[in-house]
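Colleague: My structure is in structure.txt, and what it holds is compact mmCIF, C-alpha atoms and all ligand atoms:
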```txt
# COMPACT_ATOMS: atom_id res chain seq x y z
CA MET A 1235 3.24 -52.53 178.30
CA SER A 1236 4.39 -50.18 181.03
CA ARG A 1237 2.77 -50.35 184.43
CA LEU A 1238 0.78 -47.44 185.82
CA ASP A 1239 1.81 -48.11 189.42
CA ALA A 1240 2.09 -51.00 191.88
CA ILE A 1241 -0.10 -51.83 194.87
CA THR A 1242 1.98 -51.91 198.04
CA ARG A 1243 -0.51 -51.89 200.91
CA ILE A 1244 -4.19 -52.77 201.56
CA GLU A 1245 -5.95 -51.77 204.79
CA SER A 1246 -9.55 -52.27 205.85
CA PHE A 1247 -11.61 -50.49 208.50
CA ILE A 1248 -14.95 -51.38 210.04
CA ILE A 1249 -16.93 -48.18 210.56
CA SER A 1250 -19.93 -48.01 212.90
CA ILE A 1251 -21.68 -44.63 213.05
CA PRO A 1252 -24.49 -44.30 215.61
CA ARG A 1253 -27.91 -43.23 214.38
CA GLU A 1254 -30.88 -41.83 216.29
CA THR A 1255 -33.68 -43.47 214.31
CA PRO A 1256 -32.87 -47.01 213.15
CA TYR A 1257 -33.00 -47.79 209.42
CA LEU A 1258 -36.65 -48.47 208.36
CA GLY A 1259 -37.93 -46.22 211.16
CA PRO A 1260 -38.59 -46.30 214.91
CA LEU A 1261 -38.76 -49.62 216.77
CA ARG A 1262 -42.22 -51.18 216.80
CA PRO A 1263 -43.89 -53.35 219.45
CA GLY A 1264 -41.87 -56.52 220.00
CA GLU A 1265 -38.74 -55.12 218.33
CA ARG A 1266 -35.61 -54.41 220.39
CA ILE A 1267 -31.91 -53.72 219.92
CA ASN A 1268 -30.04 -56.84 221.03
CA GLU A 1269 -26.77 -57.01 222.97
CA ARG A 1270 -24.71 -56.88 219.74
CA GLY A 1271 -26.59 -53.85 218.42
CA TYR A 1272 -28.91 -55.56 215.91
CA ILE A 1273 -32.69 -55.37 215.36
CA ILE A 1274 -34.88 -58.07 213.84
CA ARG A 1275 -37.64 -56.38 211.84
CA LYS A 1276 -40.83 -58.34 212.36
CA GLY A 1277 -42.24 -57.22 209.00
CA ASN A 1278 -39.66 -59.16 206.96
CA ARG A 1279 -37.92 -61.28 209.64
CA ALA A 1280 -34.52 -59.82 208.62
CA ILE A 1281 -31.70 -58.52 210.83
CA TYR A 1282 -30.50 -54.92 210.61
CA PRO A 1283 -27.84 -52.97 212.53
CA SER A 1284 -28.96 -50.13 214.81
CA ALA A 1285 -25.88 -48.13 213.70
CA ASP A 1286 -24.67 -47.40 210.15
CA MET A 1287 -22.07 -50.12 209.66
CA THR A 1288 -19.78 -50.37 206.67
CA ILE A 1289 -16.26 -51.40 205.64
CA LEU A 1290 -13.73 -49.00 204.10
CA ILE A 1291 -10.75 -50.21 202.10
CA LYS A 1292 -7.59 -48.18 201.50
CA ILE A 1293 -5.09 -49.22 198.84
CA THR A 1294 -1.75 -47.47 198.76
CA ALA A 1295 0.51 -47.63 195.70
CA GLU A 1296 4.28 -47.34 195.25
CA SER A 1297 3.83 -43.75 194.02
CA GLY A 1298 2.07 -42.82 197.27
CA ARG A 1299 -1.30 -42.55 195.50
CA VAL A 1300 -4.27 -43.92 197.46
CA GLY A 1301 -7.44 -45.63 196.20
CA TRP A 1302 -10.55 -45.95 198.37
CA GLY A 1303 -13.22 -48.61 198.34
CA GLU A 1304 -16.18 -49.55 200.51
CA CYS A 1305 -18.27 -52.68 200.73
CA TYR A 1306 -21.40 -53.97 202.37
CA GLY A 1307 -20.79 -54.58 206.07
CA ILE A 1308 -24.10 -54.17 207.86
CA VAL A 1309 -24.03 -57.51 209.70
CA ALA A 1310 -20.93 -59.26 211.14
CA PRO A 1311 -18.49 -57.12 209.13
CA GLU A 1312 -15.55 -58.87 210.80
CA ALA A 1313 -16.18 -61.81 208.44
CA THR A 1314 -15.73 -59.63 205.35
CA LYS A 1315 -12.75 -57.83 206.85
CA ALA A 1316 -11.03 -61.15 207.52
CA ILE A 1317 -11.44 -62.13 203.84
CA ILE A 1318 -9.95 -58.82 202.73
CA ASP A 1319 -7.01 -58.96 205.15
CA GLU A 1320 -6.25 -62.70 205.01
CA VAL A 1321 -7.10 -63.74 201.48
CA LEU A 1322 -7.21 -60.79 199.09
CA ALA A 1323 -4.66 -58.28 200.38
CA PRO A 1324 -1.52 -60.43 200.22
CA VAL A 1325 -2.39 -61.57 196.67
CA MET A 1326 -2.85 -57.96 195.50
CA ILE A 1327 0.58 -56.73 196.56
CA GLY A 1328 2.64 -55.74 193.55
CA ARG A 1329 -0.31 -55.78 191.12
CA ASP A 1330 -0.95 -52.95 188.64
CA PRO A 1331 -4.05 -50.80 189.33
CA GLY A 1332 -4.24 -50.22 185.58
CA GLU A 1333 -5.80 -53.69 185.08
CA PRO A 1334 -8.74 -53.78 187.49
CA VAL A 1335 -10.78 -56.35 185.55
CA VAL A 1336 -7.90 -58.83 185.27
CA LEU A 1337 -7.21 -58.43 188.98
CA HIS A 1338 -10.90 -58.91 189.83
CA GLU A 1339 -11.04 -62.12 187.78
CA ASP A 1340 -7.92 -63.44 189.50
CA LEU A 1341 -9.30 -62.71 192.98
CA TYR A 1342 -12.68 -64.26 192.12
CA ASP A 1343 -10.90 -67.45 190.98
CA LEU A 1344 -9.10 -67.89 194.33
CA MET A 1345 -12.13 -69.42 196.05
CA ARG A 1346 -14.70 -70.31 193.38
CA VAL A 1347 -13.91 -74.03 193.27
CA ARG A 1348 -14.67 -74.15 196.98
CA GLY A 1349 -18.11 -72.69 196.35
CA PHE A 1350 -17.40 -69.12 197.43
CA PHE A 1351 -19.02 -67.25 194.54
CA GLY A 1352 -21.43 -65.09 196.52
CA GLY A 1353 -22.09 -63.67 199.96
CA TYR A 1354 -19.36 -62.24 202.12
CA TYR A 1355 -16.58 -63.34 199.75
CA VAL A 1356 -17.96 -61.33 196.84
CA ASP A 1357 -18.74 -58.35 199.11
CA ALA A 1358 -15.03 -58.28 199.99
CA LEU A 1359 -14.08 -58.54 196.30
CA GLY A 1360 -16.48 -55.71 195.50
CA GLY A 1361 -14.90 -53.38 198.04
CA VAL A 1362 -11.33 -53.91 196.86
CA ASP A 1363 -12.47 -53.68 193.22
CA ILE A 1364 -13.87 -50.19 193.87
CA ALA A 1365 -10.57 -49.16 195.47
CA VAL A 1366 -8.55 -50.46 192.51
CA TRP A 1367 -10.74 -48.57 190.03
CA ASP A 1368 -10.40 -45.41 192.17
CA LEU A 1369 -6.63 -45.79 192.12
CA PHE A 1370 -6.67 -46.39 188.35
CA GLY A 1371 -8.65 -43.17 187.87
CA LYS A 1372 -6.19 -41.24 190.01
CA CYS A 1373 -3.23 -42.67 188.06
CA VAL A 1374 -4.65 -41.43 184.75
CA GLY A 1375 -6.41 -38.32 186.08
CA ARG A 1376 -9.88 -39.32 184.83
CA PRO A 1377 -13.21 -39.78 186.63
CA LEU A 1378 -14.43 -43.37 186.96
CA ALA A 1379 -17.39 -42.88 184.59
CA SER A 1380 -14.95 -41.88 181.88
CA LEU A 1381 -12.88 -45.05 182.38
CA LEU A 1382 -16.09 -47.07 182.03
CA GLY A 1383 -16.92 -45.55 178.67
CA GLY A 1384 -18.29 -42.15 179.61
CA ALA A 1385 -21.42 -40.70 181.22
CA ARG A 1386 -24.17 -39.24 179.02
CA GLU A 1387 -25.28 -36.82 181.70
CA PRO A 1388 -23.62 -35.36 184.81
CA HIS A 1389 -26.81 -36.17 186.76
CA LEU A 1390 -29.02 -39.16 187.57
CA LYS A 1391 -32.67 -38.94 188.60
CA ALA A 1392 -33.12 -39.97 192.24
CA TYR A 1393 -36.13 -41.58 193.85
CA VAL A 1394 -36.77 -41.14 197.55
CA SER A 1395 -36.50 -44.50 199.31
CA GLY A 1396 -38.33 -45.14 202.52
CA LEU A 1397 -40.48 -42.97 204.74
CA PRO A 1398 -39.09 -43.74 208.22
CA LYS A 1399 -41.94 -42.45 210.38
CA ALA A 1400 -44.14 -44.27 212.86
CA THR A 1401 -47.62 -43.51 211.48
CA LEU A 1402 -49.17 -43.49 208.03
CA LYS A 1403 -50.14 -39.84 208.41
CA GLU A 1404 -46.51 -38.91 209.15
CA ARG A 1405 -45.29 -41.01 206.20
CA CYS A 1406 -47.71 -39.23 203.86
CA ASP A 1407 -46.55 -35.84 205.16
CA LEU A 1408 -42.92 -36.84 204.62
CA ALA A 1409 -43.65 -37.96 201.04
CA VAL A 1410 -45.32 -34.62 200.34
CA GLU A 1411 -42.23 -32.83 201.70
CA TRP A 1412 -39.93 -34.73 199.35
CA VAL A 1413 -42.14 -34.09 196.33
CA ALA A 1414 -42.11 -30.38 197.20
CA LYS A 1415 -38.29 -30.57 197.08
CA GLY A 1416 -38.43 -31.68 193.45
CA PHE A 1417 -38.34 -35.48 193.65
CA ALA A 1418 -40.41 -37.33 191.04
CA GLY A 1419 -40.39 -40.78 192.66
CA VAL A 1420 -41.08 -42.17 196.16
CA LYS A 1421 -40.84 -45.76 197.42
CA PHE A 1422 -42.45 -47.09 200.57
CA ALA A 1423 -41.42 -50.15 202.57
CA ALA A 1424 -44.18 -52.73 202.97
CA ALA A 1425 -42.31 -54.30 205.91
CA VAL A 1426 -43.45 -51.35 208.03
CA SER A 1427 -46.89 -50.71 206.46
CA ASP A 1428 -48.70 -51.45 209.71
CA GLU A 1429 -51.93 -49.85 208.53
CA GLY A 1430 -51.99 -52.14 205.46
CA ILE A 1431 -50.05 -52.09 202.19
CA VAL A 1432 -52.97 -51.23 199.91
CA GLU A 1433 -54.15 -48.64 202.44
CA GLU A 1434 -50.67 -47.07 202.48
CA MET A 1435 -50.47 -46.99 198.69
CA ALA A 1436 -53.91 -45.36 198.44
CA ALA A 1437 -53.10 -42.78 201.12
CA LEU A 1438 -49.74 -41.90 199.56
CA ARG A 1439 -51.27 -41.56 196.09
CA GLU A 1440 -53.95 -39.30 197.51
CA ALA A 1441 -51.31 -37.22 199.32
CA ILE A 1442 -48.79 -36.77 196.50
CA GLY A 1443 -51.15 -36.61 193.55
CA PRO A 1444 -51.25 -38.50 190.24
CA LYS A 1445 -47.96 -37.43 188.66
CA VAL A 1446 -45.34 -38.75 191.09
CA ASP A 1447 -43.89 -42.24 190.50
CA LEU A 1448 -44.83 -44.43 193.46
CA MET A 1449 -42.97 -47.68 194.13
CA VAL A 1450 -43.27 -50.38 196.79
CA ASP A 1451 -40.64 -52.65 198.32
CA LEU A 1452 -42.41 -55.90 199.22
CA HIS A 1453 -39.37 -57.28 201.08
CA TRP A 1454 -39.60 -60.85 199.75
CA LYS A 1455 -42.68 -61.53 201.89
CA PHE A 1456 -45.15 -63.24 199.57
CA THR A 1457 -45.87 -66.36 197.58
CA ALA A 1458 -46.33 -65.71 193.88
CA GLY A 1459 -50.12 -65.97 194.13
CA GLU A 1460 -50.34 -63.62 197.08
CA ALA A 1461 -48.01 -61.14 195.38
CA ILE A 1462 -50.01 -61.12 192.14
CA ARG A 1463 -53.27 -60.48 193.99
CA LEU A 1464 -51.67 -57.70 196.06
CA ILE A 1465 -49.81 -55.99 193.19
CA ARG A 1466 -52.98 -55.93 191.04
CA ARG A 1467 -54.69 -54.01 193.83
CA LEU A 1468 -51.74 -51.60 194.06
CA GLU A 1469 -51.82 -51.09 190.30
CA ALA A 1470 -55.21 -49.46 190.71
CA HIS A 1471 -53.21 -46.61 192.28
CA ASN A 1472 -50.68 -46.50 189.41
CA LEU A 1473 -47.72 -48.44 190.81
CA TYR A 1474 -44.40 -47.64 189.05
CA PHE A 1475 -42.68 -50.87 190.13
CA ALA A 1476 -43.10 -53.68 192.64
CA GLU A 1477 -39.84 -54.70 194.29
CA ALA A 1478 -38.88 -58.10 195.69
CA PRO A 1479 -42.34 -59.72 195.87
CA CYS A 1480 -41.23 -63.33 196.49
CA GLU A 1481 -38.61 -65.15 198.54
CA PRO A 1482 -35.10 -64.62 197.14
CA GLU A 1483 -34.68 -68.30 196.13
CA ASP A 1484 -38.04 -68.56 194.35
CA ILE A 1485 -37.12 -68.16 190.67
CA ASP A 1486 -40.37 -69.76 189.48
CA GLY A 1487 -42.37 -67.46 191.73
CA GLN A 1488 -40.51 -64.40 190.45
CA ALA A 1489 -41.27 -65.41 186.86
CA LEU A 1490 -44.95 -66.04 187.64
CA VAL A 1491 -45.32 -62.61 189.26
CA ALA A 1492 -43.61 -60.85 186.36
CA ARG A 1493 -46.10 -62.47 183.96
CA GLY A 1494 -49.09 -62.03 186.22
CA VAL A 1495 -48.97 -58.29 186.85
CA GLY A 1496 -49.12 -55.20 184.67
CA CYS A 1497 -46.36 -53.09 186.25
CA PRO A 1498 -42.62 -53.77 186.13
CA VAL A 1499 -41.15 -56.08 188.75
CA ALA A 1500 -37.81 -54.91 190.20
CA LEU A 1501 -35.34 -57.43 191.63
CA GLY A 1502 -31.71 -57.93 192.39
CA GLU A 1503 -30.45 -56.05 195.44
CA GLU A 1504 -29.39 -59.32 197.11
CA TRP A 1505 -27.55 -60.82 194.10
CA ARG A 1506 -23.85 -60.22 193.62
CA THR A 1507 -22.78 -61.51 190.23
CA ALA A 1508 -24.02 -61.81 186.67
CA PHE A 1509 -24.19 -65.58 187.29
CA GLU A 1510 -26.99 -64.96 189.80
CA TYR A 1511 -28.81 -62.57 187.46
CA ARG A 1512 -28.57 -64.68 184.31
CA PRO A 1513 -31.16 -67.41 185.10
CA ARG A 1514 -33.62 -64.69 186.20
CA PHE A 1515 -33.08 -62.73 183.00
CA GLU A 1516 -33.58 -65.90 180.95
CA ARG A 1517 -36.85 -66.59 182.75
CA ARG A 1518 -37.88 -62.91 182.42
CA CYS A 1519 -38.34 -62.65 186.21
CA MET A 1520 -37.95 -58.86 186.17
CA SER A 1521 -37.82 -55.90 183.83
CA ILE A 1522 -35.91 -53.69 186.28
CA VAL A 1523 -32.71 -54.80 188.01
CA GLN A 1524 -31.33 -53.26 191.19
CA PRO A 1525 -27.62 -54.08 191.49
CA GLU A 1526 -26.04 -52.99 194.76
CA MET A 1527 -22.52 -51.59 194.35
CA GLY A 1528 -21.67 -52.50 197.95
CA HIS A 1529 -22.10 -56.17 196.96
CA THR A 1530 -20.87 -56.17 193.36
CA GLY A 1531 -18.02 -53.69 193.02
CA VAL A 1532 -17.54 -51.80 189.77
CA THR A 1533 -16.44 -54.64 187.49
CA GLU A 1534 -19.38 -56.91 188.29
CA PHE A 1535 -21.88 -54.01 188.38
CA LEU A 1536 -20.96 -53.19 184.78
CA HIS A 1537 -21.16 -56.87 183.82
CA ILE A 1538 -24.71 -56.98 185.24
CA GLY A 1539 -25.65 -53.64 183.69
CA ARG A 1540 -24.55 -54.72 180.21
CA MET A 1541 -26.39 -58.01 180.62
CA ALA A 1542 -29.53 -56.08 181.59
CA HIS A 1543 -29.21 -54.11 178.38
CA ALA A 1544 -29.03 -57.32 176.37
CA PHE A 1545 -32.29 -58.45 177.99
CA HIS A 1546 -33.97 -55.05 177.50
CA ALA A 1547 -34.26 -54.45 181.23
CA ASP A 1548 -33.80 -51.12 182.99
CA VAL A 1549 -31.21 -50.63 185.76
CA ILE A 1550 -32.28 -48.78 188.91
CA PRO A 1551 -29.37 -49.26 191.31
CA HIS A 1552 -29.96 -50.11 194.95
CA ALA A 1553 -28.38 -47.94 197.68
CA ALA A 1554 -27.28 -49.79 200.83
CA ILE A 1555 -26.00 -48.44 204.15
CA GLY A 1556 -22.60 -46.81 203.70
CA ILE A 1557 -20.75 -43.52 204.08
CA GLY A 1558 -20.90 -42.63 200.38
CA VAL A 1559 -17.82 -44.27 198.82
CA PHE A 1560 -19.65 -47.14 197.13
CA GLN A 1561 -22.51 -44.74 196.46
CA ALA A 1562 -20.09 -42.59 194.40
CA ALA A 1563 -18.93 -45.71 192.51
CA SER A 1564 -22.59 -46.60 191.86
CA LEU A 1565 -23.32 -43.14 190.42
CA HIS A 1566 -20.32 -43.35 188.08
CA ALA A 1567 -21.12 -46.89 186.92
CA ALA A 1568 -24.84 -46.15 186.52
CA GLY A 1569 -23.94 -42.97 184.65
CA ALA A 1570 -21.99 -45.09 182.17
CA LEU A 1571 -25.06 -47.25 181.38
CA LYS A 1572 -27.76 -46.32 178.92
CA ARG A 1573 -31.09 -47.22 180.51
CA VAL A 1574 -31.10 -45.94 184.09
CA PRO A 1575 -34.39 -44.14 184.77
CA TYR A 1576 -33.57 -43.64 188.47
CA HIS A 1577 -30.98 -44.31 191.16
CA GLU A 1578 -32.21 -45.12 194.66
CA TYR A 1579 -31.75 -42.28 197.18
CA GLN A 1580 -31.62 -43.46 200.80
CA HIS A 1581 -32.03 -39.98 202.22
CA SER A 1582 -31.85 -41.14 205.85
CA ILE A 1583 -28.36 -42.55 205.16
CA PHE A 1584 -26.96 -40.42 202.33
CA ASP A 1585 -27.72 -37.03 203.87
CA LYS A 1586 -26.61 -38.06 207.36
CA ASN A 1587 -23.28 -39.48 206.21
CA LEU A 1588 -22.39 -37.04 203.42
CA ARG A 1589 -20.25 -35.10 205.92
CA TYR A 1590 -17.96 -38.14 206.11
CA VAL A 1591 -16.84 -37.92 202.48
CA THR A 1592 -14.98 -35.16 200.67
CA GLY A 1593 -15.90 -33.98 197.17
CA ASP A 1594 -18.94 -32.52 195.43
CA MET A 1595 -21.28 -35.55 195.35
CA ALA A 1596 -24.80 -34.34 196.08
CA CYS A 1597 -28.47 -35.17 195.81
CA ALA A 1598 -30.81 -32.19 195.46
CA ASN A 1599 -33.86 -31.15 193.43
CA GLY A 1600 -34.62 -34.73 192.54
CA ARG A 1601 -31.26 -35.73 191.16
CA PHE A 1602 -27.80 -36.94 192.05
CA SER A 1603 -24.73 -35.12 190.75
CA LEU A 1604 -21.92 -37.42 189.69
CA PRO A 1605 -18.83 -36.48 191.69
CA SER A 1606 -16.15 -34.72 189.67
CA GLY A 1607 -12.41 -35.24 190.06
CA PRO A 1608 -10.30 -38.29 189.24
CA GLY A 1609 -11.39 -41.80 190.25
CA LEU A 1610 -14.47 -41.83 192.46
CA GLY A 1611 -14.25 -38.10 193.15
CA VAL A 1612 -14.89 -38.72 196.84
CA GLU A 1613 -12.67 -39.85 199.71
CA PRO A 1614 -13.50 -40.63 203.34
CA HIS A 1615 -13.24 -37.52 205.51
CA PRO A 1616 -10.70 -37.91 208.36
CA ASP A 1617 -13.59 -37.48 210.86
CA VAL A 1618 -15.05 -40.86 209.93
CA PHE A 1619 -12.11 -42.71 211.43
CA LYS A 1620 -13.25 -41.83 214.93
CA PHE A 1621 -15.98 -44.43 214.27
CA VAL A 1622 -13.58 -47.30 213.54
CA ARG A 1623 -14.73 -50.40 215.39
CA ALA A 1624 -11.97 -52.45 216.94
CA ALA A 1625 -11.74 -55.97 215.52
MG MG A 1701 -35.27 -53.34 198.79
```
Please express what this file holds, its structure, as structure tokens.
Modeller:
Amino acid sequence: MSRLDAITRIESFIISIPRETPYLGPLRPGERINERGYIIRKGNRAIYPSADMTILIKITAESGRVGWGECYGIVAPEATKAIIDEVLAPVMIGRDPGEPVVLHEDLYDLMRVRGFFGGYYVDALGGVDIAVWDLFGKCVGRPLASLLGGAREPHLKAYVSGLPKATLKERCDLAVEWVAKGFAGVKFAAAVSDEGIVEEMAALREAIGPKVDLMVDLHWKFTAGEAIRLIRRLEAHNLYFAEAPCEPEDIDGQALVARGVGCPVALGEEWRTAFEYRPRFERRCMSIVQPEMGHTGVTEFLHIGRMAHAFHADVIPHAAIGIGVFQAASLHAAGALKRVPYHEYQHSIFDKNLRYVTGDMACANGRFSLPSGPGLGVEPHPDVFKFVRAA
């Protein structure tokens, strides 16, 4: 079979774009930006960057065509960059972008027997996988969704994620603003519900009325028993889904919560491969999965999405911090799946960083438009490279 092209060069760039209000909202008492630029959120004990940090990957082919990828890089991105530059890039030279799945399997195999089948290693794989698929699309002149089997619709419904304001009153006002702009779903972050989670749910429901889908991210904070008691109280206000109720490792707890509550449980933003999803599907831990393209890449995202279908679960993709390259891949891949009621819309990231990608990707009137054009349909704008962080 004739080759489409050959990969000749792989480059990676750490991007760090300053932001005025940190992700998840203003700093609260006892929270500070440390000397390396990170914040520990007291609500969920997790570390976040104060800037928008991400990793871009550029693959150049013999023909001169270029494919772009992006992967999760919000904390210590130098680790992921080292994997791309040291391990993956040299192995990819000379390979055909027309066989992205074969290449992904080969790269995954390089380190699996040493136990590297998650975390930073798979983030790196995900980023280069997106770039290879983009290059494939450009070689054949087709959008990514078409290569993945086709999109039913050129749009995906978007839910508004997070209300990054300091007070409950301000968060309610912000939710009302988004609903007025045509969005049918809003999710609040329990990690910053200082006035109380049930109180926040009740106030938001009161503010936005009965018809809007209201979701909560519980940020892995609770034991199964605590989560069941809490979610039942939230259900009184018509909760659409409860996200991440228990600690990430607690498979038994996840299964107990899913059986113990009436609304769907949504899980999965922290898992990277179908191997991590499978035991949770088998235990029926969730009826909505939230794969994150910045962790999975296209090949594994589709693997997870098809597996979700086999277990009759919906897919509502997660949207991490990035400039929009992996977001475009996520829209294409989600568009190629059948049961995707929503895609997460991180307005405080997507809108701010949209200027750093070219193309017609957009989110307005409650829905995302899939980018048109070959491959991803977006490329990093030259302006973004002024935010490259030196290694
Ligand atoms: Mg979440």
Colleague: Please identify all protein, DNA and RNA residues within 7 Å of ligand MG 1701 (chain A), counting all atoms listed in the file, and report them as a ChimeraX atom specification.
Modeller: /A:1451,1453,1477-1478,1503
Colleague: What are the closest atom pairs, with distances in Å to one decimal, for each residue of segment 1427-1505 of chain A lying within 12 Å of segment 1521-1524 of chain A, using all atoms listed in the file, rows by chain and rising residue number, as a Markdown table?
Modeller:
```
| residue | atom | partner | partner_atom | distance |
| --- | --- | --- | --- | --- |
| A:Asp1451 | CA | A:Gln1524 | CA | 11.7 |
| A:Tyr1474 | CA | A:Ile1522 | CA | 10.8 |
| A:Phe1475 | CA | A:Ile1522 | CA | 8.3 |
| A:Ala1476 | CA | A:Ile1522 | CA | 9.6 |
| A:Glu1477 | CA | A:Ile1522 | CA | 9.0 |
| A:Ala1478 | CA | A:Gln1524 | CA | 10.0 |
| A:Gln1488 | CA | A:Ser1521 | CA | 11.1 |
| A:Ala1489 | CA | A:Ser1521 | CA | 10.6 |
| A:Val1491 | CA | A:Ser1521 | CA | 11.4 |
| A:Ala1492 | CA | A:Ser1521 | CA | 8.0 |
| A:Arg1493 | CA | A:Ser1521 | CA | 10.6 |
| A:Val1495 | CA | A:Ser1521 | CA | 11.8 |
| A:Gly1496 | CA | A:Ser1521 | CA | 11.4 |
| A:Cys1497 | CA | A:Ser1521 | CA | 9.3 |
| A:Pro1498 | CA | A:Ser1521 | CA | 5.7 |
| A:Val1499 | CA | A:Ser1521 | CA | 5.9 |
| A:Ala1500 | CA | A:Ile1522 | CA | 4.5 |
| A:Leu1501 | CA | A:Val1523 | CA | 5.2 |
| A:Gly1502 | CA | A:Gln1524 | CA | 4.8 |
| A:Glu1503 | CA | A:Gln1524 | CA | 5.2 |
| A:Glu1504 | CA | A:Gln1524 | CA | 8.7 |
| A:Trp1505 | CA | A:Gln1524 | CA | 8.9 |
```
Colleague: Looking at A:Asn1472, A:Ser1250, A:Thr1242, A:Thr1255, which one is nearest to Pro1331 of chain A, with distances taken over all atoms listed in the file?
Modeller: A:Thr1242
Colleague: Residues around (-12.2, -37.7, 211.3), cut-off 12 Å, counting all atoms listed in the file - what are they as a PyMOL selection string?
Modeller: chain A and resi 1249+1251+1589-1592+1613-1622
Colleague: Residues within 12 Å of Ile1289 of chain A, please, as a ChimeraX atom specification. Count all atoms listed in the file; anything in the same chain fewer than 5 positions from it doesn't count.
Modeller: /A:1245-1251,1302-1319,1354,1357-1362,1365,1528-1529,1555-1560,1614,1618-1619,1621-1623,1625
Colleague: Find the residue from A:Ser1427, A:Asn1268, A:Ser1395, A:Ser1284 that sits nearest to Leu1448 of chain A; use all atoms listed in the file when measuring.
Modeller: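 The closest residue to Leu1448 of chain A is A:Ser1395.
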Colleague: Record the distance separating atom CA of Ala1570 of chain A and atom CA of Tyr1342 of chain A, expressed in Å with one decimal.
Modeller: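 Answer for the atom CA of Ala1570 of chain A to atom CA of Tyr1342 of chain A separation: 23.5 Å.
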Colleague: Any chance you could tabulate, as CSV, the residues of segment 1389-1483 of chain A at most 9 Å from segment 1598-1605 of chain A with each one's nearest atom pair and distance in Å to one decimal, using all atoms listed in the file, in chain and rising number order?
Modeller:
```
residue,atom,partner,partner_atom,distance
A:His1389,CA,A:Ser1603,CA,4.6
A:Leu1390,CA,A:Phe1602,CA,5.1
A:Lys1391,CA,A:Arg1601,CA,4.3
A:Ala1392,CA,A:Arg1601,CA,4.8
A:Tyr1393,CA,A:Gly1600,CA,7.1
A:Val1394,CA,A:Gly1600,CA,8.4
A:Trp1412,CA,A:Gly1600,CA,8.6
A:Val1413,CA,A:Gly1600,CA,8.4
A:Lys1415,CA,A:Asn1599,CA,5.8
A:Gly1416,CA,A:Asn1599,CA,4.6
A:Phe1417,CA,A:Gly1600,CA,4.0
A:Ala1418,CA,A:Gly1600,CA,6.5
A:Gly1419,CA,A:Gly1600,CA,8.4
```
Colleague: How far is it from atom CA of Ala1562 of chain A to atom CA of Thr1288 of chain A, in Å with one decimal?
Modeller: 14.5 Å
Colleague: One decimal, Å: what's the distance from atom CA of Ser1582 of chain A over to atom CA of Tyr1282 of chain A, could you say?
Modeller: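 Atom CA of Tyr1282 of chain A lies 14.6 Å from atom CA of Ser1582 of chain A.
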Colleague: Can you work out which one of A:Arg1512, A:Lys1586, A:His1543, A:Arg1439 has the shortest atom-to-atom distance to Glu1469 of chain A, counting all atoms listed in the file?
Modeller: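 Using all atoms listed in the file, Glu1469 of chain A sits closest to A:Arg1439.
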Colleague: Could you name the residues that touch segment 1404-1411 of chain A at 6 Å or less, counting all atoms listed in the file, but leaving out those on the same chain fewer than 4 positions away, as a PyMOL selection string?
Modeller: chain A and resi 1397+1399+1438+1442
